[in-house]
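Dumped start.txt below, it's compact mmCIF, N, CA and C atoms:
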```
# COMPACT_ATOMS: atom_id res chain seq x y z
N MET G 844 -21.60 -14.69 -52.36
CA MET G 844 -20.53 -13.72 -52.29
C MET G 844 -20.93 -12.52 -51.41
N ARG G 845 -22.17 -12.09 -51.58
CA ARG G 845 -22.65 -10.95 -50.80
C ARG G 845 -22.66 -11.27 -49.31
N ARG G 846 -23.07 -12.49 -48.95
CA ARG G 846 -23.10 -12.90 -47.54
C ARG G 846 -21.69 -12.91 -46.95
N LEU G 847 -20.72 -13.35 -47.72
CA LEU G 847 -19.34 -13.38 -47.26
C LEU G 847 -18.85 -11.97 -47.00
N ARG G 848 -19.18 -11.04 -47.88
CA ARG G 848 -18.77 -9.65 -47.71
C ARG G 848 -19.42 -9.05 -46.45
N ILE G 849 -20.69 -9.32 -46.23
CA ILE G 849 -21.39 -8.81 -45.04
C ILE G 849 -20.77 -9.41 -43.77
N ALA G 850 -20.48 -10.70 -43.80
CA ALA G 850 -19.86 -11.35 -42.63
C ALA G 850 -18.48 -10.78 -42.36
N THR G 851 -17.71 -10.50 -43.42
CA THR G 851 -16.38 -9.93 -43.25
C THR G 851 -16.46 -8.53 -42.66
N VAL G 852 -17.36 -7.72 -43.19
CA VAL G 852 -17.54 -6.36 -42.67
C VAL G 852 -17.96 -6.41 -41.19
N ALA G 853 -18.85 -7.31 -40.85
CA ALA G 853 -19.31 -7.44 -39.47
C ALA G 853 -18.15 -7.86 -38.56
N ALA G 854 -17.34 -8.80 -39.00
CA ALA G 854 -16.20 -9.26 -38.19
C ALA G 854 -15.18 -8.15 -37.99
N VAL G 855 -14.86 -7.43 -39.06
CA VAL G 855 -13.91 -6.33 -38.95
C VAL G 855 -14.46 -5.22 -38.04
N SER G 856 -15.73 -4.92 -38.16
CA SER G 856 -16.34 -3.91 -37.31
C SER G 856 -16.31 -4.32 -35.83
N ALA G 857 -16.60 -5.58 -35.56
CA ALA G 857 -16.56 -6.07 -34.18
C ALA G 857 -15.15 -5.99 -33.62
N GLY G 858 -14.16 -6.33 -34.43
CA GLY G 858 -12.76 -6.24 -33.99
C GLY G 858 -12.36 -4.80 -33.70
N ALA G 859 -12.77 -3.88 -34.55
CA ALA G 859 -12.46 -2.46 -34.33
C ALA G 859 -13.12 -1.95 -33.06
N LEU G 860 -14.34 -2.39 -32.80
CA LEU G 860 -15.04 -1.97 -31.59
C LEU G 860 -14.32 -2.47 -30.35
N LEU G 861 -13.87 -3.71 -30.37
CA LEU G 861 -13.13 -4.26 -29.23
C LEU G 861 -11.84 -3.49 -28.97
N LEU G 862 -11.15 -3.09 -30.02
CA LEU G 862 -9.92 -2.34 -29.86
C LEU G 862 -10.18 -0.93 -29.34
N ALA G 863 -11.34 -0.39 -29.62
CA ALA G 863 -11.66 0.97 -29.20
C ALA G 863 -12.13 1.06 -27.76
N LEU G 864 -12.57 -0.05 -27.17
CA LEU G 864 -13.07 -0.02 -25.80
C LEU G 864 -11.92 0.20 -24.82
N PRO G 865 -12.15 1.00 -23.79
CA PRO G 865 -11.10 1.20 -22.79
C PRO G 865 -10.87 -0.09 -22.01
N THR G 866 -9.64 -0.31 -21.63
CA THR G 866 -9.32 -1.50 -20.86
C THR G 866 -8.92 -1.10 -19.45
N SER G 867 -8.98 -2.06 -18.55
CA SER G 867 -8.60 -1.79 -17.17
C SER G 867 -7.19 -2.28 -16.89
N ALA G 868 -6.38 -2.45 -17.93
CA ALA G 868 -5.02 -2.94 -17.75
C ALA G 868 -4.19 -1.99 -16.92
N ASN G 869 -4.53 -0.72 -16.92
CA ASN G 869 -3.77 0.27 -16.16
C ASN G 869 -4.51 0.74 -14.92
N ALA G 870 -5.50 -0.03 -14.49
CA ALA G 870 -6.26 0.36 -13.30
C ALA G 870 -6.55 -0.86 -12.45
N ALA G 871 -6.60 -0.62 -11.16
CA ALA G 871 -7.00 -1.66 -10.21
C ALA G 871 -8.52 -1.56 -10.07
N THR G 872 -9.24 -2.48 -10.63
CA THR G 872 -10.69 -2.43 -10.64
C THR G 872 -11.24 -2.65 -9.23
N GLY G 873 -12.08 -1.74 -8.79
CA GLY G 873 -12.71 -1.84 -7.48
C GLY G 873 -12.39 -0.65 -6.61
N GLU G 874 -12.58 -0.82 -5.31
CA GLU G 874 -12.37 0.29 -4.37
C GLU G 874 -11.31 -0.07 -3.33
N PHE G 875 -10.54 0.94 -2.98
CA PHE G 875 -9.61 0.85 -1.86
C PHE G 875 -10.12 1.85 -0.83
N LEU G 876 -10.56 1.33 0.30
CA LEU G 876 -11.16 2.17 1.32
C LEU G 876 -10.24 2.27 2.53
N TYR G 877 -10.33 3.39 3.24
CA TYR G 877 -9.55 3.60 4.46
C TYR G 877 -10.24 4.70 5.25
N LYS G 878 -9.75 4.92 6.45
CA LYS G 878 -10.31 5.97 7.30
C LYS G 878 -9.20 6.91 7.72
N VAL G 879 -9.59 8.15 8.05
CA VAL G 879 -8.63 9.13 8.57
C VAL G 879 -9.23 9.74 9.83
N GLY G 880 -8.34 10.28 10.66
CA GLY G 880 -8.78 10.92 11.88
C GLY G 880 -9.58 9.98 12.76
N PRO G 881 -10.73 10.45 13.24
CA PRO G 881 -11.52 9.63 14.16
C PRO G 881 -12.36 8.56 13.45
N GLY G 882 -12.11 8.35 12.18
CA GLY G 882 -12.86 7.33 11.45
C GLY G 882 -13.62 7.83 10.26
N LEU G 883 -13.22 8.98 9.72
CA LEU G 883 -13.88 9.52 8.53
C LEU G 883 -13.54 8.66 7.32
N PRO G 884 -14.54 8.14 6.62
CA PRO G 884 -14.27 7.25 5.48
C PRO G 884 -13.72 8.00 4.27
N HIS G 885 -12.74 7.39 3.64
CA HIS G 885 -12.14 7.89 2.40
C HIS G 885 -11.96 6.69 1.48
N GLY G 886 -11.72 6.94 0.22
CA GLY G 886 -11.48 5.82 -0.68
C GLY G 886 -11.02 6.25 -2.06
N LEU G 887 -10.53 5.26 -2.78
CA LEU G 887 -10.11 5.42 -4.16
C LEU G 887 -10.90 4.42 -4.99
N THR G 888 -11.47 4.86 -6.09
CA THR G 888 -12.22 3.97 -6.98
C THR G 888 -11.45 3.77 -8.27
N ASP G 889 -11.26 2.50 -8.64
CA ASP G 889 -10.50 2.13 -9.84
C ASP G 889 -9.18 2.91 -9.93
N PRO G 890 -8.34 2.83 -8.89
CA PRO G 890 -7.09 3.59 -8.90
C PRO G 890 -6.12 3.07 -9.96
N PRO G 891 -5.24 3.93 -10.45
CA PRO G 891 -4.27 3.49 -11.46
C PRO G 891 -3.29 2.48 -10.87
N SER G 892 -2.84 1.57 -11.71
CA SER G 892 -1.87 0.56 -11.30
C SER G 892 -0.45 1.07 -11.52
N GLU G 893 0.47 0.51 -10.72
CA GLU G 893 1.90 0.77 -10.85
C GLU G 893 2.24 2.26 -10.74
N GLU G 894 1.46 2.97 -9.93
CA GLU G 894 1.69 4.39 -9.71
C GLU G 894 1.47 4.67 -8.23
N CYS G 895 2.44 5.28 -7.59
CA CYS G 895 2.31 5.58 -6.16
C CYS G 895 1.26 6.67 -5.95
N LEU G 896 0.34 6.42 -5.03
CA LEU G 896 -0.71 7.38 -4.72
C LEU G 896 -0.63 7.76 -3.25
N ASN G 897 -0.48 9.04 -2.97
CA ASN G 897 -0.59 9.52 -1.61
C ASN G 897 -2.07 9.58 -1.27
N LEU G 898 -2.43 9.08 -0.10
CA LEU G 898 -3.84 8.96 0.25
C LEU G 898 -4.43 10.32 0.65
N PRO G 899 -5.47 10.76 -0.06
CA PRO G 899 -6.14 12.01 0.30
C PRO G 899 -6.65 11.95 1.74
N GLY G 900 -6.42 13.01 2.48
CA GLY G 900 -6.87 13.08 3.86
C GLY G 900 -5.80 12.69 4.86
N ALA G 901 -4.82 11.89 4.44
CA ALA G 901 -3.74 11.50 5.34
C ALA G 901 -2.75 12.67 5.46
N THR G 902 -2.28 12.92 6.66
CA THR G 902 -1.32 14.00 6.90
C THR G 902 -0.14 13.47 7.68
N ASP G 903 0.85 14.33 7.89
CA ASP G 903 2.00 13.93 8.72
C ASP G 903 1.55 13.59 10.14
N GLU G 904 0.58 14.36 10.65
CA GLU G 904 0.10 14.15 12.01
C GLU G 904 -0.91 13.02 12.10
N GLU G 905 -1.74 12.85 11.07
CA GLU G 905 -2.81 11.85 11.08
C GLU G 905 -2.73 10.96 9.84
N PRO G 906 -2.09 9.81 9.95
CA PRO G 906 -2.09 8.89 8.80
C PRO G 906 -3.46 8.26 8.63
N GLY G 907 -3.68 7.66 7.49
CA GLY G 907 -4.88 6.87 7.29
C GLY G 907 -4.76 5.57 8.09
N HIS G 908 -5.88 4.88 8.25
CA HIS G 908 -5.87 3.61 8.97
C HIS G 908 -7.04 2.74 8.49
N SER G 909 -7.08 1.52 8.95
CA SER G 909 -8.16 0.57 8.65
C SER G 909 -8.36 0.37 7.14
N PRO G 910 -7.28 0.07 6.40
CA PRO G 910 -7.43 -0.08 4.95
C PRO G 910 -8.20 -1.35 4.57
N ARG G 911 -8.94 -1.23 3.49
CA ARG G 911 -9.72 -2.36 2.94
C ARG G 911 -9.44 -2.40 1.44
N ASN G 912 -8.76 -3.45 0.99
CA ASN G 912 -8.44 -3.58 -0.43
C ASN G 912 -9.55 -4.36 -1.12
N LEU G 913 -10.53 -3.66 -1.63
CA LEU G 913 -11.64 -4.27 -2.33
C LEU G 913 -11.46 -4.21 -3.84
N THR G 914 -10.20 -4.05 -4.27
CA THR G 914 -9.89 -4.08 -5.71
C THR G 914 -9.55 -5.52 -6.10
N LEU G 915 -9.34 -5.72 -7.38
CA LEU G 915 -8.93 -7.03 -7.88
C LEU G 915 -7.41 -7.13 -7.99
N SER G 916 -6.68 -6.14 -7.45
CA SER G 916 -5.22 -6.08 -7.53
C SER G 916 -4.61 -6.13 -6.14
N THR G 917 -3.34 -6.49 -6.08
CA THR G 917 -2.59 -6.43 -4.84
C THR G 917 -2.22 -4.99 -4.55
N ALA G 918 -2.42 -4.56 -3.30
CA ALA G 918 -2.08 -3.20 -2.89
C ALA G 918 -0.92 -3.28 -1.89
N THR G 919 0.08 -2.48 -2.10
CA THR G 919 1.17 -2.35 -1.12
C THR G 919 1.01 -0.98 -0.49
N VAL G 920 0.74 -0.97 0.82
CA VAL G 920 0.52 0.28 1.55
C VAL G 920 1.77 0.64 2.33
N PHE G 921 2.03 1.93 2.42
CA PHE G 921 3.23 2.45 3.08
C PHE G 921 2.85 3.40 4.19
N LEU G 922 3.62 3.39 5.26
CA LEU G 922 3.43 4.34 6.34
C LEU G 922 3.80 5.75 5.89
N ASP G 923 4.83 5.85 5.05
CA ASP G 923 5.31 7.16 4.59
C ASP G 923 4.65 7.56 3.28
N PHE G 924 4.66 8.86 3.01
CA PHE G 924 4.19 9.38 1.73
C PHE G 924 5.13 8.94 0.62
N ASN G 925 4.67 8.98 -0.62
CA ASN G 925 5.44 8.69 -1.83
C ASN G 925 5.97 7.27 -1.88
N CYS G 926 5.28 6.34 -1.20
CA CYS G 926 5.63 4.92 -1.20
C CYS G 926 7.08 4.69 -0.81
N GLU G 927 7.51 5.45 0.18
CA GLU G 927 8.90 5.36 0.64
C GLU G 927 8.94 4.79 2.05
N GLY G 928 10.13 4.40 2.46
CA GLY G 928 10.33 3.92 3.82
C GLY G 928 10.32 2.41 3.92
N ASP G 929 10.72 1.96 5.10
CA ASP G 929 10.83 0.52 5.36
C ASP G 929 9.54 -0.08 5.91
N VAL G 930 8.56 0.75 6.27
CA VAL G 930 7.33 0.24 6.85
C VAL G 930 6.26 0.18 5.77
N TYR G 931 5.93 -1.07 5.37
CA TYR G 931 4.90 -1.28 4.35
C TYR G 931 4.22 -2.61 4.61
N TYR G 932 3.08 -2.82 3.96
CA TYR G 932 2.32 -4.05 4.11
C TYR G 932 1.69 -4.38 2.77
N VAL G 933 1.78 -5.64 2.36
CA VAL G 933 1.20 -6.09 1.10
C VAL G 933 -0.20 -6.64 1.39
N MET G 934 -1.18 -6.08 0.71
CA MET G 934 -2.57 -6.49 0.90
C MET G 934 -3.10 -7.17 -0.36
N ASN G 935 -3.42 -8.44 -0.25
CA ASN G 935 -4.03 -9.16 -1.37
C ASN G 935 -5.44 -8.64 -1.60
N PRO G 936 -6.01 -8.90 -2.78
CA PRO G 936 -7.39 -8.48 -3.04
C PRO G 936 -8.33 -9.04 -1.97
N GLY G 937 -9.22 -8.19 -1.48
CA GLY G 937 -10.18 -8.59 -0.47
C GLY G 937 -9.70 -8.46 0.97
N LYS G 938 -8.43 -8.13 1.17
CA LYS G 938 -7.85 -8.04 2.52
C LYS G 938 -8.39 -6.81 3.24
N ILE G 939 -8.76 -7.00 4.51
CA ILE G 939 -9.25 -5.93 5.37
C ILE G 939 -8.40 -5.91 6.62
N LEU G 940 -7.85 -4.75 6.94
CA LEU G 940 -6.99 -4.63 8.12
C LEU G 940 -7.58 -3.61 9.09
N GLY G 941 -7.11 -3.65 10.31
CA GLY G 941 -7.70 -2.84 11.37
C GLY G 941 -7.05 -1.48 11.57
N VAL G 942 -7.48 -0.83 12.63
CA VAL G 942 -7.10 0.54 12.95
C VAL G 942 -5.62 0.66 13.28
N ARG G 943 -4.98 -0.43 13.66
CA ARG G 943 -3.57 -0.35 14.05
C ARG G 943 -2.63 -0.15 12.87
N LEU G 944 -3.07 -0.50 11.65
CA LEU G 944 -2.21 -0.30 10.48
C LEU G 944 -2.35 1.14 9.99
N LYS G 945 -1.27 1.88 10.02
CA LYS G 945 -1.26 3.29 9.60
C LYS G 945 -0.71 3.38 8.19
N VAL G 946 -1.36 4.18 7.33
CA VAL G 946 -0.97 4.27 5.93
C VAL G 946 -1.03 5.72 5.44
N ARG G 947 -0.10 6.04 4.52
CA ARG G 947 -0.11 7.37 3.89
C ARG G 947 -0.03 7.29 2.37
N SER G 948 0.39 6.13 1.85
CA SER G 948 0.48 5.98 0.39
C SER G 948 0.27 4.53 0.02
N VAL G 949 -0.04 4.30 -1.26
CA VAL G 949 -0.33 2.96 -1.75
C VAL G 949 0.05 2.84 -3.22
N VAL G 950 0.44 1.65 -3.62
CA VAL G 950 0.69 1.34 -5.03
C VAL G 950 0.01 0.00 -5.33
N PHE G 951 -0.64 -0.08 -6.49
CA PHE G 951 -1.36 -1.30 -6.90
C PHE G 951 -0.59 -2.00 -7.99
N SER G 952 -0.57 -3.33 -7.93
CA SER G 952 0.13 -4.09 -8.99
C SER G 952 -0.85 -4.84 -9.85
```

Let me see the structure of the file written as structure tokens.
Amino acid sequence: MRRLRIATVAAVSAGALLLALPTSANAATGEFLYKVGPGLPHGLTDPPSEECLNLPGATDEEPGHSPRNLTLSTATVFLDFNCEGDVYYVMNPGKILGVRLKVRSVVFS
């Protein structure tokens, strides 16, 4: 009887621990890298999912470029800020694009 009680307590404790651990369900695990200006590196680490992010360093005059989606999620990059406009590109995980692709915002799925 005592062994059963100890096993039950251990199982319940393990379940509670699993529920308490943070999950990455709301984050794109990995890095999204890009460059601004003459090639200054910038990036986002474990960015939130399903939330539009304006890329730090990108401006109206100088968009970001050369995006590298090194996350485990699909990234949709936009030429305009706030994930708006008709110019966008869907980047699968691991996709690397060149200097010709200009970006100002991104959303991860």

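Of note, atom CA of Leu898 of chain G and atom CA of Gly886 of chain G are spaced 8.3 Å apart.
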
Practice task
Pick out the closest residue to Cys926 of chain G from this set: G:Lys938, G:His885, G:Lys878, G:Arg947. Count only N, CA and C atoms.
Solution key: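 So, comparing all the options, the nearest one is G:Arg947.
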
Problem - Exercise: segment 914-924 of chain G partners within 10 Å, only C-alpha atoms, chain neighbours under 2 positions left out, as JSON, numbers by chain - result: {"G": [870, 871, 872, 873, 874, 875, 876, 887, 888, 889, 890, 892, 893, 895, 896, 897, 898, 901, 902, 903, 906, 907, 908, 910, 911, 912, 926, 927, 928, 929, 930, 931, 932, 933, 934, 935, 936, 937, 938, 944, 945, 946, 947, 948, 949, 950, 951, 952]}

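Here the residues within segment 893-942 of chain G that DSSP labels strand (DSSP E) on the basis of the backbone are Leu896, Asn897, Gly907, His908, Ser909, Pro910, Arg911, Asn912, Leu913, Thr914, Ala918, Thr919, Val920, Phe921, Tyr931, Tyr932, Val933 and Met934 of chain G.
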
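One distance worth recording is that between atom C of Asn869 of chain G and atom C of Leu913 of chain G, which is 14.0 Å.
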
Handout entry: Å distance separating atom CA of Glu905 of chain G from atom N of Gly880 of chain G, one decimal place
Key =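 If I compute the distance from atom CA of Glu905 of chain G to atom N of Gly880 of chain G, I get 5.8 Å.
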
Please produce segment 876-887 of chain G, completed to all heavy atoms, as a tab-separated table (two decimals), keeping the file's coordinate frame.
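Result file out24.tsv:
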```
chain	number	residue	atom	x	y	z
G	876	LEU	N	-10.56	1.33	0.30
G	876	LEU	CA	-11.16	2.17	1.32
G	876	LEU	C	-10.24	2.27	2.53
G	876	LEU	O	-9.50	1.34	2.84
G	876	LEU	CB	-12.51	1.59	1.75
G	876	LEU	CG	-13.52	1.34	0.62
G	876	LEU	CD1	-14.75	0.64	1.15
G	876	LEU	CD2	-13.89	2.65	-0.07
G	877	TYR	N	-10.33	3.39	3.24
G	877	TYR	CA	-9.55	3.60	4.46
G	877	TYR	C	-10.24	4.70	5.25
G	877	TYR	O	-11.19	5.32	4.79
G	877	TYR	CB	-8.10	3.96	4.15
G	877	TYR	CG	-7.94	5.22	3.33
G	877	TYR	CD1	-7.64	6.44	3.93
G	877	TYR	CD2	-8.11	5.20	1.95
G	877	TYR	CE1	-7.52	7.60	3.19
G	877	TYR	CE2	-7.99	6.36	1.20
G	877	TYR	CZ	-7.70	7.55	1.82
G	877	TYR	OH	-7.58	8.70	1.09
G	878	LYS	N	-9.75	4.92	6.45
G	878	LYS	CA	-10.31	5.97	7.30
G	878	LYS	C	-9.20	6.91	7.72
G	878	LYS	O	-8.03	6.54	7.74
G	878	LYS	CB	-10.98	5.36	8.52
G	878	LYS	CG	-12.18	4.50	8.16
G	878	LYS	CD	-12.82	3.87	9.36
G	878	LYS	CE	-13.99	3.01	8.92
G	878	LYS	NZ	-14.61	2.33	10.06
G	879	VAL	N	-9.59	8.15	8.05
G	879	VAL	CA	-8.63	9.13	8.57
G	879	VAL	C	-9.23	9.74	9.83
G	879	VAL	O	-10.44	9.73	10.04
G	879	VAL	CB	-8.29	10.23	7.54
G	879	VAL	CG1	-7.54	9.66	6.36
G	879	VAL	CG2	-9.52	10.96	7.08
G	880	GLY	N	-8.34	10.28	10.66
G	880	GLY	CA	-8.78	10.92	11.88
G	880	GLY	C	-9.58	9.98	12.76
G	880	GLY	O	-9.21	8.83	12.95
G	881	PRO	N	-10.73	10.45	13.24
G	881	PRO	CA	-11.52	9.63	14.16
G	881	PRO	C	-12.36	8.56	13.45
G	881	PRO	O	-13.23	7.97	14.05
G	881	PRO	CB	-12.41	10.66	14.85
G	881	PRO	CG	-12.60	11.72	13.83
G	881	PRO	CD	-11.29	11.79	13.08
G	882	GLY	N	-12.11	8.35	12.18
G	882	GLY	CA	-12.86	7.33	11.45
G	882	GLY	C	-13.62	7.83	10.26
G	882	GLY	O	-14.57	7.19	9.81
G	883	LEU	N	-13.22	8.98	9.72
G	883	LEU	CA	-13.88	9.52	8.53
G	883	LEU	C	-13.54	8.66	7.32
G	883	LEU	O	-12.37	8.45	7.01
G	883	LEU	CB	-13.44	10.96	8.28
G	883	LEU	CG	-13.75	11.95	9.41
G	883	LEU	CD1	-13.11	13.30	9.13
G	883	LEU	CD2	-15.25	12.09	9.58
G	884	PRO	N	-14.54	8.14	6.62
G	884	PRO	CA	-14.27	7.25	5.48
G	884	PRO	C	-13.72	8.00	4.27
G	884	PRO	O	-14.15	9.10	3.96
G	884	PRO	CB	-15.64	6.64	5.17
G	884	PRO	CG	-16.63	7.59	5.72
G	884	PRO	CD	-15.97	8.30	6.87
G	885	HIS	N	-12.74	7.39	3.64
G	885	HIS	CA	-12.14	7.89	2.40
G	885	HIS	C	-11.96	6.69	1.48
G	885	HIS	O	-12.01	5.54	1.93
G	885	HIS	CB	-10.78	8.53	2.65
G	885	HIS	CG	-10.85	9.93	3.15
G	885	HIS	ND1	-11.32	10.26	4.40
G	885	HIS	CD2	-10.51	11.09	2.57
G	885	HIS	CE1	-11.25	11.56	4.57
G	885	HIS	NE2	-10.77	12.10	3.47
G	886	GLY	N	-11.72	6.94	0.22
G	886	GLY	CA	-11.48	5.82	-0.68
G	886	GLY	C	-11.02	6.25	-2.06
G	886	GLY	O	-11.08	7.42	-2.42
G	887	LEU	N	-10.53	5.26	-2.78
G	887	LEU	CA	-10.11	5.42	-4.16
G	887	LEU	C	-10.90	4.42	-4.99
G	887	LEU	O	-10.98	3.24	-4.62
G	887	LEU	CB	-8.61	5.12	-4.30
G	887	LEU	CG	-7.65	5.92	-3.40
G	887	LEU	CD1	-6.26	5.33	-3.48
G	887	LEU	CD2	-7.65	7.37	-3.82
```
